[in-house]
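structure.txt, holding compact mmCIF, C-alpha atoms:
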```
# COMPACT_ATOMS: atom_id res chain seq x y z
CA MET A 22 -23.20 8.48 -20.75
CA LYS A 23 -21.37 5.69 -22.59
CA SER A 24 -18.34 6.03 -20.29
CA LEU A 25 -20.53 5.93 -17.18
CA PHE A 26 -22.29 2.80 -18.42
CA LEU A 27 -18.97 1.08 -19.21
CA SER A 28 -17.58 2.06 -15.82
CA LEU A 29 -20.55 0.56 -14.01
CA LEU A 30 -20.45 -2.56 -16.18
CA MET A 31 -16.74 -3.20 -15.66
CA THR A 32 -17.03 -2.58 -11.92
CA SER A 33 -19.92 -5.03 -11.64
CA LEU A 34 -18.00 -7.63 -13.65
CA TYR A 35 -14.95 -7.18 -11.44
CA VAL A 36 -17.00 -7.59 -8.27
CA ALA A 37 -18.75 -10.62 -9.75
CA CYS A 38 -15.38 -12.25 -10.41
CA MET A 39 -14.39 -11.97 -6.76
CA GLY A 40 -16.23 -15.17 -5.90
CA GLN A 41 -16.30 -16.94 -9.26
CA THR A 42 -13.98 -18.49 -11.79
CA PRO A 43 -11.86 -15.71 -13.35
CA PRO A 44 -12.54 -14.95 -17.02
CA ASN A 45 -9.15 -16.25 -18.14
CA GLY A 46 -8.88 -19.47 -16.19
CA PRO A 47 -9.80 -21.55 -13.14
CA GLU A 48 -10.53 -20.40 -9.62
CA VAL A 49 -7.70 -20.87 -7.13
CA THR A 50 -8.23 -23.89 -4.86
CA GLU A 51 -6.58 -25.87 -2.11
CA PRO A 52 -3.86 -28.21 -3.40
CA GLU A 53 -4.84 -31.65 -4.70
CA TRP A 54 -1.53 -33.01 -3.39
CA ASP A 55 -0.81 -31.73 0.09
CA ASN A 56 1.55 -34.33 1.49
CA TYR A 57 4.11 -31.76 2.62
CA THR A 58 5.04 -29.53 5.54
CA ILE A 59 6.24 -25.94 5.64
CA GLU A 60 9.37 -25.35 7.68
CA THR A 61 10.83 -22.01 8.74
CA VAL A 62 14.46 -21.71 7.63
CA VAL A 63 15.18 -18.05 8.47
CA ASP A 64 13.00 -16.24 10.99
CA ASP A 65 12.40 -12.64 11.98
CA LEU A 66 12.53 -10.91 8.58
CA LYS A 67 10.37 -7.94 7.63
CA ILE A 68 10.21 -7.80 3.82
CA PRO A 69 12.51 -10.43 2.25
CA TRP A 70 12.33 -9.02 -1.27
CA GLY A 71 14.96 -11.16 -2.98
CA MET A 72 16.98 -14.31 -2.35
CA ALA A 73 20.02 -15.98 -3.93
CA PHE A 74 21.85 -19.12 -2.88
CA LEU A 75 25.65 -19.08 -2.83
CA PRO A 76 27.60 -22.14 -4.01
CA ASP A 77 28.21 -23.27 -0.42
CA GLY A 78 24.44 -23.47 0.17
CA SER A 79 24.26 -20.31 2.26
CA LEU A 80 21.68 -17.68 1.40
CA LEU A 81 21.73 -13.96 0.56
CA ILE A 82 18.48 -12.16 1.43
CA THR A 83 17.57 -8.56 0.73
CA GLU A 84 15.47 -6.64 3.23
CA ARG A 85 13.62 -3.83 1.48
CA SER A 86 14.65 -1.43 4.25
CA GLY A 87 18.23 -1.67 2.96
CA GLU A 88 19.93 -4.62 4.66
CA LEU A 89 21.63 -7.49 2.85
CA ILE A 90 21.54 -10.58 5.07
CA HIS A 91 23.89 -13.55 4.74
CA PHE A 92 22.35 -16.64 6.33
CA LYS A 93 24.92 -19.37 6.94
CA ASN A 94 25.13 -22.22 9.44
CA GLY A 95 21.95 -21.06 11.13
CA GLU A 96 23.15 -17.49 11.71
CA LYS A 97 22.23 -14.18 10.09
CA THR A 98 24.99 -11.68 9.34
CA GLU A 99 24.35 -8.20 7.96
CA ILE A 100 26.65 -7.42 5.04
CA SER A 101 28.24 -3.96 5.00
CA GLY A 102 29.05 -1.89 1.93
CA VAL A 103 25.52 -2.15 0.51
CA PRO A 104 24.51 0.71 -1.82
CA ALA A 105 22.49 3.51 -0.25
CA VAL A 106 18.80 3.08 -0.95
CA TRP A 107 15.80 5.42 -0.97
CA ALA A 108 13.63 3.23 1.25
CA LYS A 109 10.30 4.95 0.78
CA GLY A 110 7.01 3.58 -0.53
CA GLN A 111 7.82 0.46 -2.54
CA GLY A 112 11.48 1.46 -2.84
CA GLY A 113 14.50 0.06 -1.06
CA LEU A 114 16.93 -2.80 -1.53
CA LEU A 115 15.13 -5.13 -3.90
CA ASP A 116 16.42 -8.10 -5.89
CA VAL A 117 19.70 -10.04 -5.66
CA GLU A 118 21.12 -12.42 -8.27
CA LEU A 119 24.42 -14.22 -8.83
CA HIS A 120 26.41 -14.20 -12.04
CA PRO A 121 26.03 -17.58 -13.82
CA ASP A 122 29.80 -18.03 -13.41
CA TYR A 123 29.83 -16.77 -9.82
CA ALA A 124 32.09 -19.58 -8.66
CA ASN A 125 34.87 -18.12 -10.82
CA ASN A 126 34.19 -14.37 -10.92
CA GLY A 127 32.27 -13.67 -7.67
CA TRP A 128 29.88 -11.06 -9.09
CA ILE A 129 26.65 -10.37 -7.17
CA TYR A 130 23.96 -8.18 -8.79
CA LEU A 131 21.55 -5.94 -6.88
CA SER A 132 18.56 -3.83 -7.80
CA TYR A 133 17.48 -0.94 -5.61
CA SER A 134 15.95 2.53 -5.51
CA SER A 135 18.72 5.11 -5.83
CA GLU A 136 18.78 8.88 -5.39
CA GLU A 137 21.77 9.27 -7.73
CA GLY A 138 21.22 11.33 -10.85
CA PRO A 139 18.99 14.29 -11.77
CA GLY A 140 15.70 15.04 -10.07
CA ASP A 141 14.35 14.70 -6.54
CA GLY A 142 13.40 11.28 -5.26
CA ALA A 143 14.73 8.06 -6.75
CA HIS A 144 14.64 5.57 -9.60
CA THR A 145 15.73 1.98 -10.11
CA ALA A 146 19.44 1.17 -10.23
CA ILE A 147 21.32 -2.03 -11.05
CA SER A 148 24.79 -2.59 -9.62
CA ARG A 149 27.23 -5.41 -9.08
CA ALA A 150 29.77 -6.11 -6.35
CA LYS A 151 31.83 -8.88 -4.80
CA LEU A 152 31.46 -10.38 -1.36
CA GLU A 153 34.65 -10.41 0.68
CA GLY A 154 34.05 -11.68 4.17
CA ASP A 155 31.08 -9.70 5.46
CA ARG A 156 31.50 -6.74 3.11
CA LEU A 157 30.64 -5.86 -0.49
CA THR A 158 33.57 -4.57 -2.53
CA ASN A 159 34.36 -3.64 -6.15
CA GLN A 160 30.98 -1.97 -6.58
CA GLU A 161 29.95 -0.86 -10.05
CA VAL A 162 26.66 0.79 -11.05
CA LEU A 163 25.64 -0.80 -14.35
CA TYR A 164 22.39 1.06 -14.98
CA LYS A 165 20.60 3.95 -13.33
CA ALA A 166 17.17 4.90 -14.63
CA GLY A 167 16.11 8.51 -14.67
CA PRO A 168 14.98 11.07 -14.09
CA ASN A 169 14.29 10.55 -10.40
CA THR A 170 10.79 10.98 -9.06
CA GLU A 171 9.35 11.29 -5.57
CA LYS A 172 6.57 8.86 -6.45
CA GLY A 173 6.94 5.78 -4.30
CA GLN A 174 5.63 3.02 -6.52
CA HIS A 175 6.51 0.66 -9.37
CA TYR A 176 10.25 0.07 -9.33
CA GLY A 177 9.97 -3.38 -10.94
CA SER A 178 13.47 -4.65 -10.16
CA ARG A 179 13.69 -8.39 -10.81
CA ILE A 180 16.98 -9.67 -12.25
CA VAL A 181 17.80 -12.83 -14.24
CA PHE A 182 20.53 -14.08 -16.54
CA ASP A 183 19.40 -15.95 -19.63
CA LYS A 184 21.06 -19.06 -21.05
CA ASP A 185 23.37 -16.92 -23.22
CA GLY A 186 24.62 -14.96 -20.20
CA TYR A 187 22.72 -11.73 -20.89
CA LEU A 188 21.56 -9.71 -17.90
CA PHE A 189 17.82 -8.95 -17.93
CA PHE A 190 16.08 -6.69 -15.43
CA THR A 191 12.74 -4.95 -15.05
CA ILE A 192 11.83 -1.37 -14.18
CA GLY A 193 8.23 -0.43 -13.45
CA GLU A 194 6.65 2.73 -14.86
CA ARG A 195 7.19 4.56 -11.56
CA GLY A 196 3.60 5.74 -11.34
CA ASN A 197 3.83 7.67 -14.61
CA ARG A 198 1.59 5.49 -16.75
CA ASP A 199 0.74 8.13 -19.36
CA GLU A 200 4.34 8.86 -20.41
CA ASN A 201 6.84 6.17 -19.52
CA PRO A 202 5.61 2.75 -20.68
CA GLN A 203 4.95 3.60 -24.34
CA ASP A 204 7.93 5.93 -24.86
CA ILE A 205 11.24 4.21 -25.64
CA THR A 206 13.12 7.45 -25.00
CA ARG A 207 12.10 7.26 -21.33
CA ASP A 208 12.95 4.82 -18.58
CA GLY A 209 10.20 2.90 -16.79
CA GLY A 210 7.68 0.28 -17.84
CA LYS A 211 10.36 -1.76 -19.58
CA VAL A 212 12.37 -4.97 -19.60
CA TYR A 213 16.07 -4.27 -20.21
CA ARG A 214 18.98 -6.36 -21.51
CA LEU A 215 22.70 -5.77 -20.94
CA HIS A 216 25.94 -7.69 -21.03
CA ASP A 217 27.08 -8.79 -17.59
CA ASP A 218 29.43 -5.77 -17.35
CA GLY A 219 26.72 -3.25 -18.21
CA LYS A 220 27.54 -2.77 -21.88
CA VAL A 221 24.58 -2.58 -24.27
CA PRO A 222 24.36 -5.51 -26.71
CA THR A 223 24.72 -4.35 -30.28
CA ASP A 224 21.64 -6.36 -31.31
CA ASN A 225 19.27 -4.83 -28.76
CA PRO A 226 16.10 -3.80 -30.59
CA PHE A 227 16.39 -0.02 -30.23
CA VAL A 228 20.14 0.61 -30.45
CA ASN A 229 19.66 2.44 -33.76
CA SER A 230 16.52 4.35 -32.75
CA THR A 231 17.10 8.06 -32.23
CA GLY A 232 16.83 9.09 -28.59
CA ALA A 233 15.91 5.61 -27.39
CA LYS A 234 17.20 4.06 -24.19
CA LYS A 235 19.50 1.52 -25.82
CA ALA A 236 19.18 -1.06 -23.04
CA ILE A 237 15.41 -1.53 -23.59
CA TYR A 238 14.42 -5.02 -24.71
CA SER A 239 10.61 -4.72 -24.48
CA TYR A 240 8.18 -2.01 -23.39
CA GLY A 241 4.58 -1.26 -22.45
CA HIS A 242 4.89 -2.96 -19.04
CA ARG A 243 3.35 -1.72 -15.79
CA ASN A 244 5.31 -3.13 -12.84
CA PRO A 245 6.98 -6.52 -13.35
CA GLN A 246 7.93 -8.01 -9.98
CA GLY A 247 8.52 -11.53 -11.18
CA MET A 248 10.89 -12.79 -13.88
CA ILE A 249 12.17 -16.22 -14.84
CA VAL A 250 14.11 -17.97 -17.56
CA HIS A 251 11.84 -20.83 -18.57
CA PRO A 252 13.89 -24.01 -18.10
CA GLU A 253 12.52 -25.71 -21.20
CA THR A 254 12.28 -22.91 -23.75
CA GLY A 255 14.92 -20.49 -22.47
CA GLU A 256 12.38 -17.68 -22.86
CA ILE A 257 12.16 -14.77 -20.44
CA TRP A 258 8.79 -14.72 -18.69
CA VAL A 259 7.58 -11.91 -16.45
CA HIS A 260 4.52 -11.33 -14.37
CA GLU A 261 3.41 -7.83 -13.58
CA HIS A 262 0.93 -5.94 -11.48
CA GLY A 263 -2.16 -4.72 -13.24
CA PRO A 264 -4.34 -1.93 -11.85
CA ARG A 265 -7.57 -3.20 -10.27
CA GLY A 266 -7.62 -6.55 -12.02
CA GLY A 267 -5.48 -7.49 -14.99
CA ASP A 268 -2.26 -8.76 -13.41
CA GLU A 269 -0.45 -10.51 -16.26
CA ILE A 270 2.04 -13.22 -17.19
CA ASN A 271 3.92 -12.23 -20.33
CA VAL A 272 6.44 -14.04 -22.50
CA VAL A 273 9.02 -11.39 -23.30
CA LYS A 274 9.85 -10.88 -26.98
CA LYS A 275 12.56 -8.70 -28.41
CA GLY A 276 11.25 -5.21 -29.23
CA ALA A 277 7.64 -6.11 -28.35
CA ASN A 278 5.03 -3.76 -26.89
CA TYR A 279 2.90 -5.19 -24.06
CA GLY A 280 0.31 -2.47 -24.25
CA TRP A 281 0.20 -0.70 -20.89
CA PRO A 282 -1.82 1.52 -20.49
CA GLU A 283 -3.34 1.40 -23.98
CA ILE A 284 -4.78 -2.06 -23.37
CA SER A 285 -5.62 -3.75 -20.07
CA TYR A 286 -7.92 -6.30 -18.48
CA GLY A 287 -8.19 -4.14 -15.37
CA ILE A 288 -9.93 -0.95 -14.32
CA ASN A 289 -8.87 2.07 -12.27
CA TYR A 290 -8.63 1.66 -8.50
CA ASN A 291 -11.68 3.92 -8.06
CA GLY A 292 -13.76 1.64 -10.29
CA THR A 293 -13.79 3.85 -13.39
CA VAL A 294 -12.83 2.69 -16.87
CA LEU A 295 -9.11 2.78 -17.56
CA THR A 296 -9.39 1.80 -21.20
CA GLU A 297 -12.10 0.23 -23.32
CA GLU A 298 -9.47 -1.84 -25.18
CA THR A 299 -8.09 -5.24 -24.23
CA SER A 300 -6.23 -5.68 -27.52
CA LYS A 301 -4.74 -3.57 -30.28
CA PRO A 302 -2.69 -4.37 -33.38
CA GLY A 303 1.02 -4.43 -32.61
CA MET A 304 0.51 -5.08 -28.88
CA GLU A 305 1.12 -8.42 -27.22
CA GLN A 306 -1.50 -10.42 -25.35
CA PRO A 307 -0.64 -11.92 -21.95
CA LEU A 308 -0.19 -15.66 -21.61
CA TYR A 309 -2.47 -15.37 -18.58
CA TYR A 310 -4.15 -12.64 -16.55
CA TRP A 311 -5.74 -12.53 -13.12
CA VAL A 312 -9.10 -10.93 -12.28
CA PRO A 313 -9.28 -10.05 -9.44
CA SER A 314 -5.66 -9.01 -8.95
CA ILE A 315 -3.51 -11.16 -6.70
CA ALA A 316 -0.65 -8.57 -6.65
CA PRO A 317 2.05 -11.00 -7.83
CA SER A 318 5.60 -10.89 -6.49
CA GLY A 319 8.28 -13.53 -6.92
CA PHE A 320 8.27 -16.14 -9.70
CA ASP A 321 9.80 -19.54 -10.39
CA VAL A 322 9.19 -22.89 -12.06
CA VAL A 323 9.10 -26.20 -10.20
CA SER A 324 12.10 -28.05 -11.59
CA SER A 325 12.96 -30.56 -8.87
CA ASP A 326 12.32 -34.28 -8.58
CA ARG A 327 11.34 -33.64 -4.96
CA TYR A 328 7.92 -32.57 -6.28
CA PRO A 329 7.07 -35.01 -9.09
CA GLN A 330 3.38 -33.99 -8.98
CA TRP A 331 4.32 -30.35 -9.59
CA GLN A 332 7.00 -30.63 -12.27
CA GLY A 333 6.88 -27.67 -14.66
CA ASP A 334 4.26 -25.74 -12.66
CA LEU A 335 4.66 -22.00 -12.07
CA LEU A 336 5.07 -20.53 -8.58
CA VAL A 337 3.80 -16.99 -7.93
CA GLY A 338 3.59 -15.15 -4.62
CA SER A 339 0.47 -13.14 -3.87
CA LEU A 340 0.70 -9.95 -1.85
CA SER A 341 -3.05 -9.27 -1.86
CA PHE A 342 -4.16 -12.69 -0.60
CA ALA A 343 -1.02 -13.77 1.31
CA TYR A 344 -0.46 -17.09 -0.38
CA LEU A 345 1.91 -18.86 -2.75
CA GLU A 346 0.04 -19.84 -5.87
CA LYS A 347 0.93 -22.77 -8.12
CA LEU A 348 -0.29 -22.69 -11.71
CA THR A 349 -0.46 -25.78 -13.92
CA LEU A 350 -0.18 -25.24 -17.67
CA GLN A 351 -1.11 -27.37 -20.63
CA GLY A 352 0.63 -25.69 -23.51
CA ASP A 353 -0.12 -21.98 -23.05
CA GLU A 354 -3.31 -22.54 -21.04
CA VAL A 355 -3.51 -22.34 -17.26
CA THR A 356 -5.64 -25.32 -16.29
CA LYS A 357 -5.26 -25.33 -12.50
CA ARG A 358 -4.49 -22.84 -9.72
CA GLU A 359 -3.67 -24.01 -6.19
CA LYS A 360 -2.65 -22.31 -2.94
CA ILE A 361 0.34 -24.23 -1.57
CA ILE A 362 1.28 -21.77 1.20
CA ASP A 363 -1.63 -19.87 2.69
CA GLY A 364 -2.21 -17.57 5.63
CA MET A 365 1.41 -17.15 6.76
CA GLY A 366 1.83 -13.64 5.37
CA ARG A 367 2.42 -11.82 2.11
CA VAL A 368 4.65 -13.99 -0.09
CA ARG A 369 7.24 -11.63 -1.56
CA SER A 370 9.78 -13.96 -3.19
CA VAL A 371 10.13 -17.58 -4.24
CA VAL A 372 13.10 -19.59 -5.54
CA MET A 373 14.04 -23.18 -6.23
CA GLY A 374 17.00 -23.93 -3.98
CA PRO A 375 20.08 -25.86 -5.11
CA ASP A 376 18.92 -28.67 -2.82
CA GLY A 377 15.72 -29.00 -4.85
CA TYR A 378 13.38 -27.49 -2.27
CA ILE A 379 11.00 -24.57 -2.83
CA TYR A 380 11.89 -21.54 -0.68
CA ALA A 381 9.59 -18.56 -0.16
CA GLY A 382 10.20 -15.20 1.48
CA VAL A 383 7.20 -14.28 3.63
CA GLU A 384 6.75 -10.74 4.94
CA GLY A 385 6.80 -10.45 8.70
CA LYS A 386 8.02 -14.01 9.09
CA GLY A 387 11.12 -14.97 7.15
CA VAL A 388 12.14 -17.66 4.68
CA VAL A 389 10.27 -20.96 4.63
CA LYS A 390 10.66 -24.13 2.58
CA ILE A 391 8.18 -26.73 1.39
CA VAL A 392 9.25 -30.22 2.46
CA PRO A 393 7.45 -33.22 0.93
CA SER A 394 6.58 -35.95 3.39
CA ALA A 395 8.55 -39.18 3.24
CA ASN A 396 5.62 -41.35 2.23
```
Taking this structure as input, can you express it in the form of structure tokens?
Amino acid sequence: MKSLFLSLLMTSLYVACMGQTPPNGPEVTEPEWDNYTIETVVDDLKIPWGMAFLPDGSLLITERSGELIHFKNGEKTEISGVPAVWAKGQGGLLDVELHPDYANNGWIYLSYSSEEGPGDGAHTAISRAKLEGDRLTNQEVLYKAGPNTEKGQHYGSRIVFDKDGYLFFTIGERGNRDENPQDITRDGGKVYRLHDDGKVPTDNPFVNSTGAKKAIYSYGHRNPQGMIVHPETGEIWVHEHGPRGGDEINVVKKGANYGWPEISYGINYNGTVLTEETSKPGMEQPLYYWVPSIAPSGFDVVSSDRYPQWQGDLLVGSLSFAYLEKLTLQGDEVTKREKIIDGMGRVRSVVMGPDGYIYAGVEGKGVVKIVPSAN
């Protein structure tokens, strides 16, 4: 009886939040400063999952279906030699990132769903390669999660390098919430840290734990599809999909447990109670959470003088509501939420370009940029 009552209560609260200020912050609004236009840079893309700018200003774009596109001088070229991907469900060719010293070493890093290894189906892989002409060469697989599963969801897959040159990446819990996220002997539901060549750092938190996956940096995550290095603090921040409600922004700490599925601000998709707990000792609290879920994908911080009104604000794409959300923080508190791209399609990725403009990958459209007006 208690469980039924809690289920009905949480469902009613969730529905009530659909049209009201969320419990952890302000309601999303139209932008206060809207003196800008949105220009299409690359058209005719299906699911531009990841983007990375090369030193010459050209752009690498991943299509989830498995194509790596090089956009240069107004033309799109498909790059050959891309790893084989298991393009089913949420799987495929996912993120792309350059080595911090790319100009000297030429390494490009990819995340994708791979069938390699034991078990049917696929799991997240991280590899690196070099671009020679229109082909990837010198490919090396740096990490392959396992075992494979035929479940199609929650690959995670964002990649960043921190200020010390460590490679961080995310792997979602692959739809196995009851085993993977809380078990450090299993892949999935984790943030990982490696050296740029795939070696495990000797000071990773679980290198001396029996049976642990040595590359794990933090655990108890659901499906992080956004990751940044905060430009001021150098911290790794992720955002991750919750269930029905409870998408989160988390500041990643070494060895920390982020609680999934033991604690959550969301409920099951069918409206029943997932857990009665939103906090437990030894489990981290999110910096911010969304109710209702926006289904976040793509993450960056406004760091360009082109947008003086937005300096330091967070950019998060929304798959559920098809907008690019900007969040203003005062300290650790989100004080304002604004939709700065709305109605163009599901915003999958967002990056600050080397030219100081904001670029967003929009499903079914392409890559667009936000251009402030001259006056």
**Selection: 12 Å around His120 in chain A, all atoms listed in the file, excl. self and same-chain fewer than 5 positions, as a PyMOL selection string** = chain A and resi 73-76+125-131+148-151+180-189+216-218
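Going from CA of Pro317 in chain A to CA of Gly338 in chain A covers 5.5 Å.
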**Message:** List as a PyMOL selection string the protein and nucleic acid residues near range 264-271 of chain A, meaning an atom at most 6 Å away when only C-alpha atoms are counted, but skip any in the same chain fewer than 2 places from it.
**Reply:** chain A and resi 258-262+273+286-290+307-314
Near Asn169 in chain A, counting all atoms listed in the file, which residues have an atom at most 8 Å away, once you skip same-chain residues fewer than 5 positions from it, shown as a tab-separated table (two decimals) with C-alpha atoms, in the coordinates of the input?
```
chain	number	residue	atom	x	y	z
A	136	GLU	CA	18.78	8.88	-5.39
A	138	GLY	CA	21.22	11.33	-10.85
A	139	PRO	CA	18.99	14.29	-11.77
A	140	GLY	CA	15.70	15.04	-10.07
A	141	ASP	CA	14.35	14.70	-6.54
A	142	GLY	CA	13.40	11.28	-5.26
A	143	ALA	CA	14.73	8.06	-6.75
A	144	HIS	CA	14.64	5.57	-9.60
```
**Request:** Kindly indicate which residue among A:Val162, A:Tyr238, A:Gln111, A:Glu88 lies nearest to Leu66 in chain A, using only C-alpha atoms for the distances.
**Result:**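 Ranking A:Val162, A:Tyr238, A:Gln111, A:Glu88 by distance to Leu66 in chain A, first place goes to A:Glu88.
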**Item:** Point (11.4, 8.1, -29.7), cut-off 10 Å, counting all atoms listed in the file, residues as a ChimeraX atom specification
**Value:** /A:203-207,227,230-234
**Asked** Using all atoms listed in the file, can you list as an NGL selection string the residues within 10 Å of (13.1, 2.4, -20.1)?
**Response** :A and (166-167 or 191-194 or 201-213 or 233-242)
**All residues 12 Å or closer to Pro329 in chain A, all atoms listed in the file, same chain fewer than 3 positions away omitted, as a list of chain:residue names** =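 My list of contacting residues is A:Trp54, A:Asn56, A:Val323, A:Ser324, A:Ser325, A:Asp326, A:Gln332, A:Gly333, A:Asp334, A:Gly377, A:Tyr378, A:Pro393.
With CA of Arg156 in chain A on one side and CA of Val103 in chain A on the other, the separation reads 8.0 Å.
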**Message:** Nearest residue to Gly387 in chain A out of A:Val49, A:Val372, A:Trp281, A:Lys67, using only C-alpha atoms?
**Reply:**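 Answer, going by the shortest atom-to-atom distance: A:Lys67.
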**Fill in**
Pairwise distance, CA of Arg327 in chain A with CA of Gly46 in chain A, equals 27.1 Å
**Request:** Measuring atom to atom with all atoms listed in the file, identify which of A:Val388, A:Ile315, A:Ala277, A:Leu157 is nearest to Pro226 in chain A.
**Result:**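 Checking each candidate against Pro226 in chain A, we get A:Ala277 as the closest.
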**Prompt:** Closest to Glu60 in chain A among A:Val383, A:Val389, A:Val322, A:Met373, using all atoms listed in the file?
**Reply:**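 Distance minimum relative to Glu60 in chain A lands on A:Val389.
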From the coordinates supplied, range 40-107 of chain A should be written with C-alpha atoms, as a short mmCIF file (atom, residue, chain, number, x, y, z; two decimals), in the first residue's frame.
```cif
data_model
loop_
_atom_site.label_atom_id
_atom_site.label_comp_id
_atom_site.auth_asym_id
_atom_site.auth_seq_id
_atom_site.Cartn_x
_atom_site.Cartn_y
_atom_site.Cartn_z
CA GLY A 40 4.17 23.32 -16.35
CA GLN A 41 5.81 24.82 -13.27
CA THR A 42 9.20 25.79 -11.95
CA PRO A 43 11.26 22.60 -11.44
CA PRO A 44 12.04 21.68 -7.82
CA ASN A 45 15.76 22.34 -8.23
CA GLY A 46 15.76 25.63 -10.11
CA PRO A 47 14.03 28.04 -12.48
CA GLU A 48 11.71 27.29 -15.37
CA VAL A 49 13.28 27.50 -18.82
CA THR A 50 12.40 30.73 -20.64
CA GLU A 51 13.07 32.63 -23.84
CA PRO A 52 16.45 34.41 -23.80
CA GLU A 53 16.71 37.85 -22.21
CA TRP A 54 19.36 38.78 -24.78
CA ASP A 55 18.33 37.66 -28.25
CA ASN A 56 20.31 39.95 -30.51
CA TYR A 57 21.68 37.11 -32.61
CA THR A 58 20.91 34.99 -35.66
CA ILE A 59 21.32 31.28 -36.27
CA GLU A 60 23.16 30.35 -39.43
CA THR A 61 23.45 26.92 -41.02
CA VAL A 62 27.09 25.97 -41.55
CA VAL A 63 26.76 22.32 -42.63
CA ASP A 64 23.45 21.06 -43.99
CA ASP A 65 21.88 17.69 -44.65
CA LEU A 66 23.10 15.70 -41.62
CA LYS A 67 21.05 13.05 -39.85
CA ILE A 68 22.46 12.65 -36.34
CA PRO A 69 25.63 14.76 -35.88
CA TRP A 70 26.68 13.13 -32.61
CA GLY A 71 30.11 14.70 -32.17
CA MET A 72 32.21 17.54 -33.58
CA ALA A 73 35.86 18.58 -33.43
CA PHE A 74 37.61 21.47 -35.15
CA LEU A 75 40.97 20.84 -36.80
CA PRO A 76 43.74 23.46 -36.54
CA ASP A 77 42.98 24.74 -40.05
CA GLY A 78 39.41 25.58 -38.99
CA SER A 79 37.83 22.65 -40.82
CA LEU A 80 35.43 20.39 -38.95
CA LEU A 81 35.18 16.67 -38.22
CA ILE A 82 31.60 15.47 -37.65
CA THR A 83 30.45 12.01 -36.63
CA GLU A 84 27.21 10.64 -38.03
CA ARG A 85 25.79 8.03 -35.67
CA SER A 86 25.14 5.71 -38.61
CA GLY A 87 28.91 5.29 -38.95
CA GLU A 88 30.24 8.06 -41.20
CA LEU A 89 33.01 10.48 -40.28
CA ILE A 90 32.55 13.70 -42.24
CA HIS A 91 35.30 16.24 -42.93
CA PHE A 92 33.80 19.64 -43.71
CA LYS A 93 36.32 21.97 -45.35
CA ASN A 94 35.97 24.93 -47.69
CA GLY A 95 32.22 24.42 -47.88
CA GLU A 96 32.44 20.76 -48.92
CA LYS A 97 31.71 17.52 -47.08
CA THR A 98 34.05 14.57 -47.56
CA GLU A 99 33.45 11.14 -46.05
CA ILE A 100 36.57 9.79 -44.38
CA SER A 101 37.40 6.13 -45.02
CA GLY A 102 39.04 3.74 -42.58
CA VAL A 103 36.53 4.44 -39.80
CA PRO A 104 36.09 1.60 -37.27
CA ALA A 105 33.15 -0.72 -37.85
CA VAL A 106 30.22 0.23 -35.66
CA TRP A 107 27.15 -1.61 -34.38
#
```
